[in-house]
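Structure data (mmCIF, C-alpha atoms; chains and numbers go by the auth columns) from query.cif:
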```
data_coords
#
loop_
_atom_site.group_PDB
_atom_site.id
_atom_site.type_symbol
_atom_site.label_atom_id
_atom_site.label_comp_id
_atom_site.label_asym_id
_atom_site.label_seq_id
_atom_site.Cartn_x
_atom_site.Cartn_y
_atom_site.Cartn_z
_atom_site.B_iso_or_equiv
_atom_site.auth_seq_id
_atom_site.auth_asym_id
ATOM 1 C CA MET A 1 20.154 -19.622 26.319 0.00 13 A
ATOM 2 C CA ALA A 2 18.514 -16.598 24.649 0.00 14 A
ATOM 3 C CA ILE A 3 19.164 -16.191 20.943 0.00 15 A
ATOM 4 C CA ASP A 4 20.620 -12.881 19.761 0.00 16 A
ATOM 5 C CA VAL A 5 18.397 -12.569 16.684 0.00 17 A
ATOM 6 C CA LYS A 6 20.023 -9.352 15.469 0.00 18 A
ATOM 7 C CA ALA A 7 23.425 -11.024 15.461 0.00 19 A
ATOM 8 C CA LEU A 8 21.933 -14.070 13.732 0.00 20 A
ATOM 9 C CA PHE A 9 20.390 -11.981 10.961 0.00 21 A
ATOM 10 C CA ALA A 10 23.593 -9.963 10.566 0.00 22 A
ATOM 11 C CA SER A 11 25.582 -13.177 10.139 0.00 23 A
ATOM 12 C CA LEU A 12 23.301 -14.187 7.245 0.00 24 A
ATOM 13 C CA MET A 13 23.764 -10.899 5.409 0.00 25 A
ATOM 14 C CA PRO A 14 26.768 -11.998 3.315 0.00 26 A
ATOM 15 C CA LEU A 15 24.780 -14.978 2.043 0.00 27 A
ATOM 16 C CA VAL A 16 21.851 -12.949 0.725 0.00 28 A
ATOM 17 C CA GLU A 17 24.191 -10.349 -0.813 0.00 29 A
ATOM 18 C CA ARG A 18 26.202 -12.963 -2.695 0.00 30 A
ATOM 19 C CA ARG A 19 24.267 -13.268 -5.965 0.00 31 A
ATOM 20 C CA PRO A 20 21.235 -11.869 -7.794 0.00 32 A
ATOM 21 C CA MET A 21 18.146 -14.056 -7.849 0.00 33 A
ATOM 22 C CA SER A 22 15.002 -14.154 -9.924 0.00 34 A
ATOM 23 C CA GLU A 23 11.933 -12.363 -8.613 0.00 35 A
ATOM 24 C CA ARG A 24 10.328 -15.697 -7.759 0.00 36 A
ATOM 25 C CA GLU A 25 13.449 -16.928 -5.952 0.00 37 A
ATOM 26 C CA THR A 26 13.615 -13.719 -3.944 0.00 38 A
ATOM 27 C CA GLY A 27 10.002 -14.134 -2.881 0.00 39 A
ATOM 28 C CA SER A 28 10.486 -17.800 -2.030 0.00 40 A
ATOM 29 C CA VAL A 29 13.551 -17.112 0.127 0.00 41 A
ATOM 30 C CA PHE A 30 11.629 -14.325 1.878 0.00 42 A
ATOM 31 C CA ARG A 31 8.686 -16.642 2.514 0.00 43 A
ATOM 32 C CA SER A 32 10.912 -19.404 3.903 0.00 44 A
ATOM 33 C CA LEU A 33 12.723 -16.971 6.185 0.00 45 A
ATOM 34 C CA MET A 34 9.475 -15.510 7.486 0.00 46 A
ATOM 35 C CA LYS A 35 7.910 -18.937 8.072 0.00 47 A
ATOM 36 C CA SER A 36 10.860 -19.810 10.292 0.00 48 A
ATOM 37 C CA LEU A 37 10.072 -16.752 12.427 0.00 49 A
ATOM 38 C CA VAL A 38 6.286 -16.240 12.581 0.00 50 A
ATOM 39 C CA HIS A 39 2.972 -17.631 11.379 0.00 51 A
ATOM 40 C CA PHE A 40 1.231 -15.795 8.520 0.00 52 A
ATOM 41 C CA ASP A 41 -1.473 -16.727 6.016 0.00 53 A
ATOM 42 C CA ASN A 42 -0.266 -15.022 2.836 0.00 54 A
ATOM 43 C CA ALA A 43 2.649 -13.039 1.485 0.00 55 A
ATOM 44 C CA VAL A 44 2.837 -10.673 -1.471 0.00 56 A
ATOM 45 C CA GLY A 45 5.500 -8.502 -3.063 0.00 57 A
ATOM 46 C CA PHE A 46 4.680 -5.373 -5.063 0.00 58 A
ATOM 47 C CA ALA A 47 7.014 -2.942 -6.804 0.00 59 A
ATOM 48 C CA TYR A 48 5.807 0.628 -7.313 0.00 60 A
ATOM 49 C CA ARG A 49 6.906 3.514 -9.501 0.00 61 A
ATOM 50 C CA GLY A 50 4.899 6.717 -9.413 0.00 62 A
ATOM 51 C CA GLU A 51 1.263 6.129 -10.309 0.00 63 A
ATOM 52 C CA GLU A 52 2.011 3.300 -12.727 0.00 64 A
ATOM 53 C CA ARG A 53 0.324 -0.069 -12.338 0.00 65 A
ATOM 54 C CA PRO A 54 2.267 -1.870 -9.572 0.00 66 A
ATOM 55 C CA VAL A 55 4.192 -5.024 -10.412 0.00 67 A
ATOM 56 C CA ASP A 56 3.220 -8.166 -8.493 0.00 68 A
ATOM 57 C CA PHE A 57 6.579 -9.942 -8.365 0.00 69 A
ATOM 58 C CA TYR A 58 5.610 -12.589 -5.799 0.00 70 A
ATOM 59 C CA ASP A 59 2.467 -13.827 -4.062 0.00 71 A
ATOM 60 C CA THR A 60 1.022 -16.899 -2.350 0.00 72 A
ATOM 61 C CA PHE A 61 -2.666 -16.298 -3.192 0.00 73 A
ATOM 62 C CA ASN A 62 -5.110 -18.811 -4.586 0.00 74 A
ATOM 63 C CA ALA A 63 -7.204 -17.742 -7.598 0.00 75 A
ATOM 64 C CA GLU A 64 -9.998 -16.183 -5.536 0.00 76 A
ATOM 65 C CA LYS A 65 -7.703 -14.149 -3.309 0.00 77 A
ATOM 66 C CA TYR A 66 -5.553 -13.156 -6.310 0.00 78 A
ATOM 67 C CA GLU A 67 -8.582 -11.421 -7.830 0.00 79 A
ATOM 68 C CA VAL A 68 -9.029 -9.254 -4.714 0.00 80 A
ATOM 69 C CA HIS A 69 -5.437 -8.708 -3.614 0.00 81 A
ATOM 70 C CA VAL A 70 -3.832 -8.304 -7.050 0.00 82 A
ATOM 71 C CA THR A 71 -6.221 -7.830 -9.995 0.00 83 A
ATOM 72 C CA ILE A 72 -8.574 -5.302 -8.367 0.00 84 A
ATOM 73 C CA TYR A 73 -5.684 -3.713 -6.492 0.00 85 A
ATOM 74 C CA GLN A 74 -3.668 -3.122 -9.677 0.00 86 A
ATOM 75 C CA ALA A 75 -6.758 -1.728 -11.428 0.00 87 A
ATOM 76 C CA GLY A 76 -6.653 1.395 -9.243 0.00 88 A
ATOM 77 C CA ALA A 77 -7.314 0.476 -5.605 0.00 89 A
ATOM 78 C CA PHE A 78 -3.564 0.699 -4.906 0.00 90 A
ATOM 79 C CA LEU A 79 -3.711 4.505 -5.158 0.00 91 A
ATOM 80 C CA LEU A 80 -5.643 4.586 -1.855 0.00 92 A
ATOM 81 C CA ASP A 81 -3.399 2.076 -0.049 0.00 93 A
ATOM 82 C CA PRO A 82 -1.335 3.415 2.904 0.00 94 A
ATOM 83 C CA PHE A 83 1.505 1.056 1.910 0.00 95 A
ATOM 84 C CA TYR A 84 1.603 2.617 -1.570 0.00 96 A
ATOM 85 C CA HIS A 85 1.743 6.133 -0.151 0.00 97 A
ATOM 86 C CA ALA A 86 4.439 5.158 2.347 0.00 98 A
ATOM 87 C CA THR A 87 6.509 3.744 -0.520 0.00 99 A
ATOM 88 C CA ARG A 88 6.154 6.979 -2.515 0.00 100 A
ATOM 89 C CA ALA A 89 7.250 8.897 0.578 0.00 101 A
ATOM 90 C CA GLY A 90 10.496 6.874 0.625 0.00 102 A
ATOM 91 C CA ARG A 91 9.821 4.785 3.725 0.00 103 A
ATOM 92 C CA SER A 92 12.419 2.120 4.437 0.00 104 A
ATOM 93 C CA GLY A 93 12.255 -0.716 6.960 0.00 105 A
ATOM 94 C CA PHE A 94 9.463 -2.603 8.698 0.00 106 A
ATOM 95 C CA PHE A 95 6.020 -1.100 9.419 0.00 107 A
ATOM 96 C CA ARG A 96 2.570 -2.233 10.506 0.00 108 A
ATOM 97 C CA MET A 97 -0.463 -1.027 8.564 0.00 109 A
ATOM 98 C CA ARG A 98 -1.787 0.654 11.709 0.00 110 A
ATOM 99 C CA GLU A 99 1.398 2.723 11.931 0.00 111 A
ATOM 100 C CA LEU A 100 0.928 4.151 8.440 0.00 112 A
ATOM 101 C CA ALA A 101 -2.851 4.348 7.972 0.00 113 A
ATOM 102 C CA PRO A 102 -4.648 7.740 8.108 0.00 114 A
ATOM 103 C CA ASP A 103 -6.738 8.526 11.174 0.00 115 A
ATOM 104 C CA ARG A 104 -10.043 7.471 9.555 0.00 116 A
ATOM 105 C CA PHE A 105 -8.710 4.641 7.395 0.00 117 A
ATOM 106 C CA PHE A 106 -10.375 1.798 9.283 0.00 118 A
ATOM 107 C CA VAL A 107 -13.821 3.407 8.949 0.00 119 A
ATOM 108 C CA SER A 108 -13.323 4.752 5.420 0.00 120 A
ATOM 109 C CA GLU A 109 -15.353 3.660 2.423 0.00 121 A
ATOM 110 C CA TYR A 110 -12.193 2.220 0.857 0.00 122 A
ATOM 111 C CA TYR A 111 -11.703 0.030 3.922 0.00 123 A
ATOM 112 C CA ARG A 112 -15.366 -0.988 4.079 0.00 124 A
ATOM 113 C CA THR A 113 -15.811 -1.874 0.409 0.00 125 A
ATOM 114 C CA TYR A 114 -12.325 -3.118 -0.506 0.00 126 A
ATOM 115 C CA TYR A 115 -9.717 -3.570 2.194 0.00 127 A
ATOM 116 C CA GLY A 116 -12.168 -4.921 4.766 0.00 128 A
ATOM 117 C CA GLU A 117 -13.291 -7.560 2.257 0.00 129 A
ATOM 118 C CA THR A 118 -9.838 -9.129 2.468 0.00 130 A
ATOM 119 C CA ARG A 119 -10.780 -10.318 5.983 0.00 131 A
ATOM 120 C CA LEU A 120 -7.332 -9.472 7.324 0.00 132 A
ATOM 121 C CA ALA A 121 -6.640 -9.148 11.029 0.00 133 A
ATOM 122 C CA GLU A 122 -3.338 -7.453 10.269 0.00 134 A
ATOM 123 C CA GLU A 123 -0.899 -6.624 7.490 0.00 135 A
ATOM 124 C CA VAL A 124 2.753 -5.727 7.961 0.00 136 A
ATOM 125 C CA GLY A 125 5.356 -4.864 5.368 0.00 137 A
ATOM 126 C CA PHE A 126 9.050 -4.523 4.628 0.00 138 A
ATOM 127 C CA PHE A 127 9.664 -1.347 2.590 0.00 139 A
ATOM 128 C CA VAL A 128 12.658 -1.346 0.251 0.00 140 A
ATOM 129 C CA PRO A 129 13.634 1.695 -1.858 0.00 141 A
ATOM 130 C CA LEU A 130 15.275 0.474 -5.074 0.00 142 A
ATOM 131 C CA THR A 131 16.873 2.286 -8.003 0.00 143 A
ATOM 132 C CA ALA A 132 15.291 4.489 -10.710 0.00 144 A
ATOM 133 C CA GLY A 133 12.405 5.673 -8.553 0.00 145 A
ATOM 134 C CA VAL A 134 11.132 2.165 -7.775 0.00 146 A
ATOM 135 C CA GLY A 135 10.097 1.038 -4.307 0.00 147 A
ATOM 136 C CA ALA A 136 9.216 -2.518 -3.258 0.00 148 A
ATOM 137 C CA VAL A 137 7.063 -3.796 -0.410 0.00 149 A
ATOM 138 C CA LEU A 138 6.970 -7.381 0.808 0.00 150 A
ATOM 139 C CA SER A 139 3.856 -7.861 2.931 0.00 151 A
ATOM 140 C CA LEU A 140 2.827 -10.518 5.418 0.00 152 A
ATOM 141 C CA MET A 141 -0.910 -10.986 6.015 0.00 153 A
ATOM 142 C CA ARG A 142 -2.805 -12.654 8.824 0.00 154 A
ATOM 143 C CA LEU A 143 -6.493 -13.448 8.438 0.00 155 A
ATOM 144 C CA GLU A 144 -9.054 -12.832 11.153 0.00 156 A
ATOM 145 C CA ARG A 145 -8.908 -16.471 12.238 0.00 157 A
ATOM 146 C CA SER A 146 -5.166 -16.119 12.915 0.00 158 A
ATOM 147 C CA GLY A 147 -5.368 -12.848 14.840 0.00 159 A
ATOM 148 C CA GLU A 148 -2.847 -10.029 14.946 0.00 160 A
ATOM 149 C CA PHE A 149 0.908 -10.444 15.289 0.00 161 A
ATOM 150 C CA SER A 150 1.999 -10.513 18.941 0.00 162 A
ATOM 151 C CA PRO A 151 4.404 -7.884 20.344 0.00 163 A
ATOM 152 C CA ALA A 152 7.151 -10.544 20.424 0.00 164 A
ATOM 153 C CA GLU A 153 6.527 -11.402 16.754 0.00 165 A
ATOM 154 C CA ILE A 154 6.600 -7.733 15.777 0.00 166 A
ATOM 155 C CA GLU A 155 9.898 -7.316 17.606 0.00 167 A
ATOM 156 C CA ILE A 156 11.538 -10.210 15.754 0.00 168 A
ATOM 157 C CA LEU A 157 10.208 -8.980 12.385 0.00 169 A
ATOM 158 C CA ARG A 158 11.656 -5.528 13.024 0.00 170 A
ATOM 159 C CA ALA A 159 14.976 -7.168 13.858 0.00 171 A
ATOM 160 C CA ALA A 160 14.852 -9.047 10.550 0.00 172 A
ATOM 161 C CA ALA A 161 14.305 -5.892 8.489 0.00 173 A
ATOM 162 C CA PRO A 162 17.960 -5.208 7.553 0.00 174 A
ATOM 163 C CA LEU A 163 18.324 -8.790 6.303 0.00 175 A
ATOM 164 C CA VAL A 164 15.098 -8.605 4.277 0.00 176 A
ATOM 165 C CA LEU A 165 16.080 -5.267 2.729 0.00 177 A
ATOM 166 C CA ALA A 166 19.461 -6.687 1.711 0.00 178 A
ATOM 167 C CA LEU A 167 17.758 -9.759 0.241 0.00 179 A
ATOM 168 C CA VAL A 168 15.352 -7.667 -1.847 0.00 180 A
ATOM 169 C CA ARG A 169 17.982 -5.214 -3.090 0.00 181 A
ATOM 170 C CA THR A 170 20.271 -8.053 -4.147 0.00 182 A
ATOM 171 C CA GLY A 171 17.549 -10.251 -5.553 0.00 183 A
ATOM 172 C CA LEU A 172 15.538 -7.671 -7.474 0.00 184 A
ATOM 173 C CA GLY A 173 18.184 -5.144 -8.477 0.00 185 A
ATOM 174 C CA ASP A 174 16.909 -2.682 -11.100 0.00 186 A
ATOM 175 C CA MET A 175 13.191 -3.278 -11.710 0.00 187 A
ATOM 176 C CA SER A 176 12.581 -0.179 -13.839 0.00 188 A
ATOM 177 C CA GLY A 177 12.369 -2.344 -16.946 0.00 189 A
ATOM 178 C CA ARG A 178 9.224 -3.986 -15.549 0.00 190 A
ATOM 179 C CA PHE A 179 7.312 -0.726 -15.918 0.00 191 A
ATOM 180 C CA ALA A 180 6.036 0.757 -19.171 0.00 192 A
ATOM 181 C CA GLY A 181 7.612 3.971 -20.428 0.00 193 A
ATOM 182 C CA ALA A 182 10.061 6.377 -18.848 0.00 194 A
ATOM 183 C CA PRO A 183 9.775 7.373 -15.185 0.00 195 A
ATOM 184 C CA ALA A 184 7.293 10.177 -14.666 0.00 196 A
ATOM 185 C CA GLU A 185 8.013 13.219 -12.523 0.00 197 A
ATOM 186 C CA PRO A 186 6.739 12.752 -8.972 0.00 198 A
ATOM 187 C CA THR A 187 3.346 14.430 -8.625 0.00 199 A
ATOM 188 C CA THR A 188 0.654 14.797 -6.012 0.00 200 A
ATOM 189 C CA PRO A 189 -2.886 16.117 -6.129 0.00 201 A
ATOM 190 C CA ARG A 190 -1.583 19.378 -4.626 0.00 202 A
ATOM 191 C CA ASN A 191 0.553 20.289 -7.628 0.00 203 A
ATOM 192 C CA GLY A 192 -1.470 18.557 -10.349 0.00 204 A
ATOM 193 C CA GLY A 193 -0.625 15.837 -12.840 0.00 205 A
ATOM 194 C CA GLY A 194 -0.757 12.088 -12.585 0.00 206 A
ATOM 195 C CA ALA A 195 -3.486 9.556 -13.138 0.00 207 A
ATOM 196 C CA ALA A 196 -5.262 10.266 -9.852 0.00 208 A
ATOM 197 C CA TYR A 197 -5.629 13.958 -10.605 0.00 209 A
ATOM 198 C CA SER A 198 -6.680 13.194 -14.191 0.00 210 A
ATOM 199 C CA VAL A 199 -9.691 11.285 -12.847 0.00 211 A
ATOM 200 C CA TRP A 200 -10.950 14.332 -10.968 0.00 212 A
ATOM 201 C CA GLU A 201 -10.038 16.695 -13.790 0.00 213 A
ATOM 202 C CA ARG A 202 -12.218 14.649 -16.151 0.00 214 A
ATOM 203 C CA LEU A 203 -15.052 15.035 -13.651 0.00 215 A
ATOM 204 C CA GLY A 204 -14.654 18.819 -13.481 0.00 216 A
ATOM 205 C CA LEU A 205 -13.026 19.250 -10.063 0.00 217 A
ATOM 206 C CA THR A 206 -10.527 21.978 -9.226 0.00 218 A
ATOM 207 C CA LEU A 207 -6.992 21.217 -8.049 0.00 219 A
ATOM 208 C CA ARG A 208 -7.914 21.899 -4.414 0.00 220 A
ATOM 209 C CA GLU A 209 -11.081 19.800 -4.632 0.00 221 A
ATOM 210 C CA ALA A 210 -9.092 16.938 -6.174 0.00 222 A
ATOM 211 C CA ALA A 211 -6.558 17.088 -3.350 0.00 223 A
ATOM 212 C CA ILE A 212 -9.295 16.959 -0.728 0.00 224 A
ATOM 213 C CA VAL A 213 -11.310 14.082 -2.187 0.00 225 A
ATOM 214 C CA ASP A 214 -8.126 12.044 -2.696 0.00 226 A
ATOM 215 C CA LEU A 215 -7.325 12.444 0.996 0.00 227 A
ATOM 216 C CA VAL A 216 -10.937 11.681 1.960 0.00 228 A
ATOM 217 C CA LEU A 217 -10.837 8.393 0.050 0.00 229 A
ATOM 218 C CA GLN A 218 -7.468 7.486 1.591 0.00 230 A
ATOM 219 C CA GLY A 219 -9.090 7.722 5.029 0.00 231 A
ATOM 220 C CA HIS A 220 -8.097 11.153 6.357 0.00 232 A
ATOM 221 C CA SER A 221 -10.577 13.049 8.524 0.00 233 A
ATOM 222 C CA SER A 222 -11.578 16.638 7.707 0.00 234 A
ATOM 223 C CA GLU A 223 -9.415 17.792 10.620 0.00 235 A
ATOM 224 C CA ALA A 224 -6.370 15.898 9.342 0.00 236 A
ATOM 225 C CA ILE A 225 -6.923 17.171 5.788 0.00 237 A
ATOM 226 C CA GLY A 226 -7.107 20.746 7.051 0.00 238 A
ATOM 227 C CA LEU A 227 -3.797 20.374 8.895 0.00 239 A
ATOM 228 C CA ARG A 228 -2.168 18.755 5.881 0.00 240 A
ATOM 229 C CA LEU A 229 -3.328 21.398 3.400 0.00 241 A
ATOM 230 C CA GLY A 230 -3.059 24.385 5.730 0.00 242 A
ATOM 231 C CA ILE A 231 -6.769 25.262 5.673 0.00 243 A
ATOM 232 C CA SER A 232 -9.530 25.194 8.287 0.00 244 A
ATOM 233 C CA THR A 233 -11.718 22.177 8.955 0.00 245 A
ATOM 234 C CA GLY A 234 -14.724 24.265 7.948 0.00 246 A
ATOM 235 C CA THR A 235 -13.145 25.050 4.570 0.00 247 A
ATOM 236 C CA VAL A 236 -12.504 21.349 3.990 0.00 248 A
ATOM 237 C CA LYS A 237 -16.149 20.565 4.688 0.00 249 A
ATOM 238 C CA VAL A 238 -17.281 23.322 2.287 0.00 250 A
ATOM 239 C CA HIS A 239 -15.095 21.863 -0.457 0.00 251 A
ATOM 240 C CA ARG A 240 -16.491 18.388 0.217 0.00 252 A
ATOM 241 C CA ARG A 241 -20.075 19.634 -0.074 0.00 253 A
ATOM 242 C CA ASN A 242 -19.205 21.427 -3.320 0.00 254 A
ATOM 243 C CA VAL A 243 -17.658 18.249 -4.745 0.00 255 A
ATOM 244 C CA TYR A 244 -20.719 16.180 -3.902 0.00 256 A
ATOM 245 C CA ARG A 245 -22.930 18.792 -5.557 0.00 257 A
ATOM 246 C CA LYS A 246 -20.743 18.935 -8.693 0.00 258 A
ATOM 247 C CA LEU A 247 -20.684 15.161 -9.024 0.00 259 A
ATOM 248 C CA ASP A 248 -24.365 14.812 -8.108 0.00 260 A
ATOM 249 C CA ILE A 249 -23.635 12.294 -5.366 0.00 261 A
ATOM 250 C CA SER A 250 -24.537 12.069 -1.703 0.00 262 A
ATOM 251 C CA SER A 251 -22.148 9.520 -0.194 0.00 263 A
ATOM 252 C CA GLN A 252 -18.532 8.416 0.002 0.00 264 A
ATOM 253 C CA THR A 253 -19.651 5.091 -1.478 0.00 265 A
ATOM 254 C CA GLN A 254 -20.645 6.880 -4.692 0.00 266 A
ATOM 255 C CA LEU A 255 -17.436 8.926 -4.615 0.00 267 A
ATOM 256 C CA LEU A 256 -15.284 5.787 -4.459 0.00 268 A
ATOM 257 C CA SER A 257 -17.309 4.118 -7.206 0.00 269 A
ATOM 258 C CA LEU A 258 -16.864 7.132 -9.503 0.00 270 A
ATOM 259 C CA TYR A 259 -13.144 7.188 -8.779 0.00 271 A
ATOM 260 C CA LEU A 260 -12.512 3.518 -9.552 0.00 272 A
ATOM 261 C CA ASP A 261 -14.747 3.516 -12.647 0.00 273 A
ATOM 262 C CA ASN A 262 -13.025 6.549 -14.139 0.00 274 A
ATOM 263 C CA PHE A 263 -9.486 5.526 -13.183 0.00 275 A
ATOM 264 C CA SER A 264 -9.641 2.543 -15.545 0.00 276 A
ATOM 265 C CA ARG A 265 -10.463 4.931 -18.388 0.00 277 A
ATOM 266 C CA VAL A 266 -7.589 7.265 -17.562 0.00 278 A
#
```

Please express what this file holds, its structure, as structure tokens.
Amino acid sequence: MAIDVKALFASLMPLVERRPMSERETGSVFRSLMKSLVHFDNAVGFAYRGEERPVDFYDTFNAEKYEVHVTIYQAGAFLLDPFYHATRAGRSGFFRMRELAPDRFFVSEYYRTYYGETRLAEEVGFFVPLTAGVGAVLSLMRLERSGEFSPAEIEILRAAAPLVLALVRTGLGDMSGRFAGAPAEPTTPRNGGGAAYSVWERLGLTLREAAIVDLVLQGHSSEAIGLRLGISTGTVKVHRRNVYRKLDISSQTQLLSLYLDNFSRV
């Protein structure tokens, strides 16, 4: 007899909505639920608010992997993460990294020097908008030795999304107190403000140049950047050449290094 997984998850909803839990309990329940459904190598939960340092409220990493997936990530790498940008855009539900990543993400310098070093075959996430401008993501990771999630596994994870979202909203509640200071106004490189723009401002870039190099580092092609900003591909390339000349660099590797070094100072 085939199992109606959607009905099963719906029947569990009253249980997860019954009482608040600690952050650790929420993560542990999530991990147990996921392990009953699919194989994965690691899980991590981050809460985001604006450009503030994300809160790691749950993870299963050993010390070595924690350094890469949490410490370096929180130090500024998160600002180039497709999951972070999807959270800021208000995404809700279950998504694969490949569904959210820019068109050149998997050949970008960020991927080569940081994300690719994680040795992941695939990452998927449950996106949960919370209160006070906070968004949470609970990610499942599979290493190269484990391979990608199968279509059947993806289908069952999508079916579990409403249950996971209810679990996180009940368990975490209001996480705004975990962030320092009052919520900042939402900003993007196109309208100025924020830590990311401050990096480029310190380095003497214009608002338009800052917007373009941010998108370059996130993994967008010149064509995609042009469509996003409403300018021609040729204009994007001119801006990129001007940025490299201003910063006295010749590669995206140097651009990423400058960005991460200066972000810590901002």

- Got a sec: who's within 12 Å of Gln266 in chain A, counting all atoms listed in the file, leaving out chain neighbours fewer than 3 positions off, as an MDAnalysis selection string? chainID A and resid 121:122 125 229 255:256 259:263 269:273

- Answer as an NGL selection string, residues within 12 Å of (-7.9, 4.6, 0.7) using only C-alpha atoms: :A and (85 or 88-97 or 112-128 or 225-233 or 264-265 or 267-268 or 271-272)

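The space separating CA of Arg131 in chain A from CA of Val56 in chain A comes to 15.5 Å.
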
- Interatomic distance, CA of Arg108 in chain A to CA of Leu169 in chain A (Å, one decimal):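 Going from CA of Arg108 in chain A over to CA of Leu169 in chain A, I get 10.4 Å.
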
- Give me the residues within 12 Å of Gly137 in chain A as a ChimeraX atom specification, counting all atoms listed in the file and dropping any in the same chain fewer than 3 places off. /A:42,46,54-58,94-96,98-99,103-112,134,140,148-154,166,169-170,172-173,176-177

Would you mind exporting C-alpha atoms of the selected residues as a short mmCIF file (atom, residue, chain, number, x, y, z; two decimals), in the frame of the given file?
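And here's out.cif as it stands now:
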```
data_model
loop_
_atom_site.label_atom_id
_atom_site.label_comp_id
_atom_site.auth_asym_id
_atom_site.auth_seq_id
_atom_site.Cartn_x
_atom_site.Cartn_y
_atom_site.Cartn_z
CA PHE A 42 11.63 -14.32 1.88
CA MET A 46 9.48 -15.51 7.49
CA ASN A 54 -0.27 -15.02 2.84
CA ALA A 55 2.65 -13.04 1.48
CA VAL A 56 2.84 -10.67 -1.47
CA GLY A 57 5.50 -8.50 -3.06
CA PHE A 58 4.68 -5.37 -5.06
CA PRO A 94 -1.34 3.42 2.90
CA PHE A 95 1.50 1.06 1.91
CA TYR A 96 1.60 2.62 -1.57
CA ALA A 98 4.44 5.16 2.35
CA THR A 99 6.51 3.74 -0.52
CA ARG A 103 9.82 4.78 3.72
CA SER A 104 12.42 2.12 4.44
CA GLY A 105 12.26 -0.72 6.96
CA PHE A 106 9.46 -2.60 8.70
CA PHE A 107 6.02 -1.10 9.42
CA ARG A 108 2.57 -2.23 10.51
CA MET A 109 -0.46 -1.03 8.56
CA ARG A 110 -1.79 0.65 11.71
CA GLU A 111 1.40 2.72 11.93
CA LEU A 112 0.93 4.15 8.44
CA GLU A 134 -3.34 -7.45 10.27
CA VAL A 140 12.66 -1.35 0.25
CA ALA A 148 9.22 -2.52 -3.26
CA VAL A 149 7.06 -3.80 -0.41
CA LEU A 150 6.97 -7.38 0.81
CA SER A 151 3.86 -7.86 2.93
CA LEU A 152 2.83 -10.52 5.42
CA MET A 153 -0.91 -10.99 6.02
CA ARG A 154 -2.80 -12.65 8.82
CA ILE A 166 6.60 -7.73 15.78
CA LEU A 169 10.21 -8.98 12.38
CA ARG A 170 11.66 -5.53 13.02
CA ALA A 172 14.85 -9.05 10.55
CA ALA A 173 14.30 -5.89 8.49
CA VAL A 176 15.10 -8.60 4.28
CA LEU A 177 16.08 -5.27 2.73
#
```

- Message: Ranking A:Asp71, A:Glu167, A:Glu221, A:Glu235 by minimum distance to Glu37 in chain A and counting only C-alpha atoms, which one comes first?
- Response: A:Asp71

Can you find the residues with an atom no farther than 9 Å from (14.6, 2.3, -5.9), counting all atoms listed in the file, and report them as a JSON list (two decimals) with C-alpha atoms, in the coordinates of the input?
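Result saved to result14.json:
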```json
[["chain", "number", "residue", "atom", "x", "y", "z"],
["A", 61, "ARG", "CA", 6.91, 3.51, -9.50],
["A", 102, "GLY", "CA", 10.50, 6.87, 0.62],
["A", 140, "VAL", "CA", 12.66, -1.35, 0.25],
["A", 141, "PRO", "CA", 13.63, 1.70, -1.86],
["A", 142, "LEU", "CA", 15.28, 0.47, -5.07],
["A", 143, "THR", "CA", 16.87, 2.29, -8.00],
["A", 144, "ALA", "CA", 15.29, 4.49, -10.71],
["A", 145, "GLY", "CA", 12.40, 5.67, -8.55],
["A", 146, "VAL", "CA", 11.13, 2.16, -7.78],
["A", 147, "GLY", "CA", 10.10, 1.04, -4.31],
["A", 148, "ALA", "CA", 9.22, -2.52, -3.26],
["A", 181, "ARG", "CA", 17.98, -5.21, -3.09],
["A", 185, "GLY", "CA", 18.18, -5.14, -8.48],
["A", 186, "ASP", "CA", 16.91, -2.68, -11.10],
["A", 187, "MET", "CA", 13.19, -3.28, -11.71],
["A", 188, "SER", "CA", 12.58, -0.18, -13.84]]
```

- Atom pair CA of Glu129 in chain A / CA of Val80 in chain A: separation (Å):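 Distance between the two atoms: 8.3 Å.
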
- Task: Give the answer as one residue: which of A:Val17, A:Val67, A:Ala75, A:Leu179 has the shortest atom-to-atom distance to Arg43 in chain A, using only C-alpha atoms?
- Result: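 Among the listed residues, A:Leu179 lies closest to Arg43 in chain A.
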
Expansion of the PyMOL selection byres ((chain A and resi 213-215) around 10) into residues, as a short mmCIF file (atom, residue, chain, number, x, y, z; two decimals) with C-alpha atoms, in the coordinates of the input:
```cif
data_model
loop_
_atom_site.label_atom_id
_atom_site.label_comp_id
_atom_site.auth_asym_id
_atom_site.auth_seq_id
_atom_site.Cartn_x
_atom_site.Cartn_y
_atom_site.Cartn_z
CA GLY A 204 -1.47 18.56 -10.35
CA GLY A 205 -0.62 15.84 -12.84
CA ALA A 207 -3.49 9.56 -13.14
CA ALA A 208 -5.26 10.27 -9.85
CA TYR A 209 -5.63 13.96 -10.60
CA SER A 210 -6.68 13.19 -14.19
CA VAL A 211 -9.69 11.28 -12.85
CA TRP A 212 -10.95 14.33 -10.97
CA GLY A 216 -14.65 18.82 -13.48
CA LEU A 217 -13.03 19.25 -10.06
CA THR A 218 -10.53 21.98 -9.23
CA LEU A 219 -6.99 21.22 -8.05
CA GLU A 221 -11.08 19.80 -4.63
CA ALA A 222 -9.09 16.94 -6.17
CA VAL A 255 -17.66 18.25 -4.74
CA LYS A 258 -20.74 18.93 -8.69
CA LEU A 259 -20.68 15.16 -9.02
CA LEU A 270 -16.86 7.13 -9.50
CA TYR A 271 -13.14 7.19 -8.78
CA ASN A 274 -13.02 6.55 -14.14
CA PHE A 275 -9.49 5.53 -13.18
CA VAL A 278 -7.59 7.26 -17.56
#
```

- Message: Could you check the closest approach to Met33 in chain A for each of A:Thr182, A:Ser234, A:Thr247, A:Thr72 and tell me which residue wins, using all atoms listed in the file?
- Response: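 Of A:Thr182, A:Ser234, A:Thr247, A:Thr72, the one nearest Met33 in chain A is A:Thr182, counting all atoms listed in the file.
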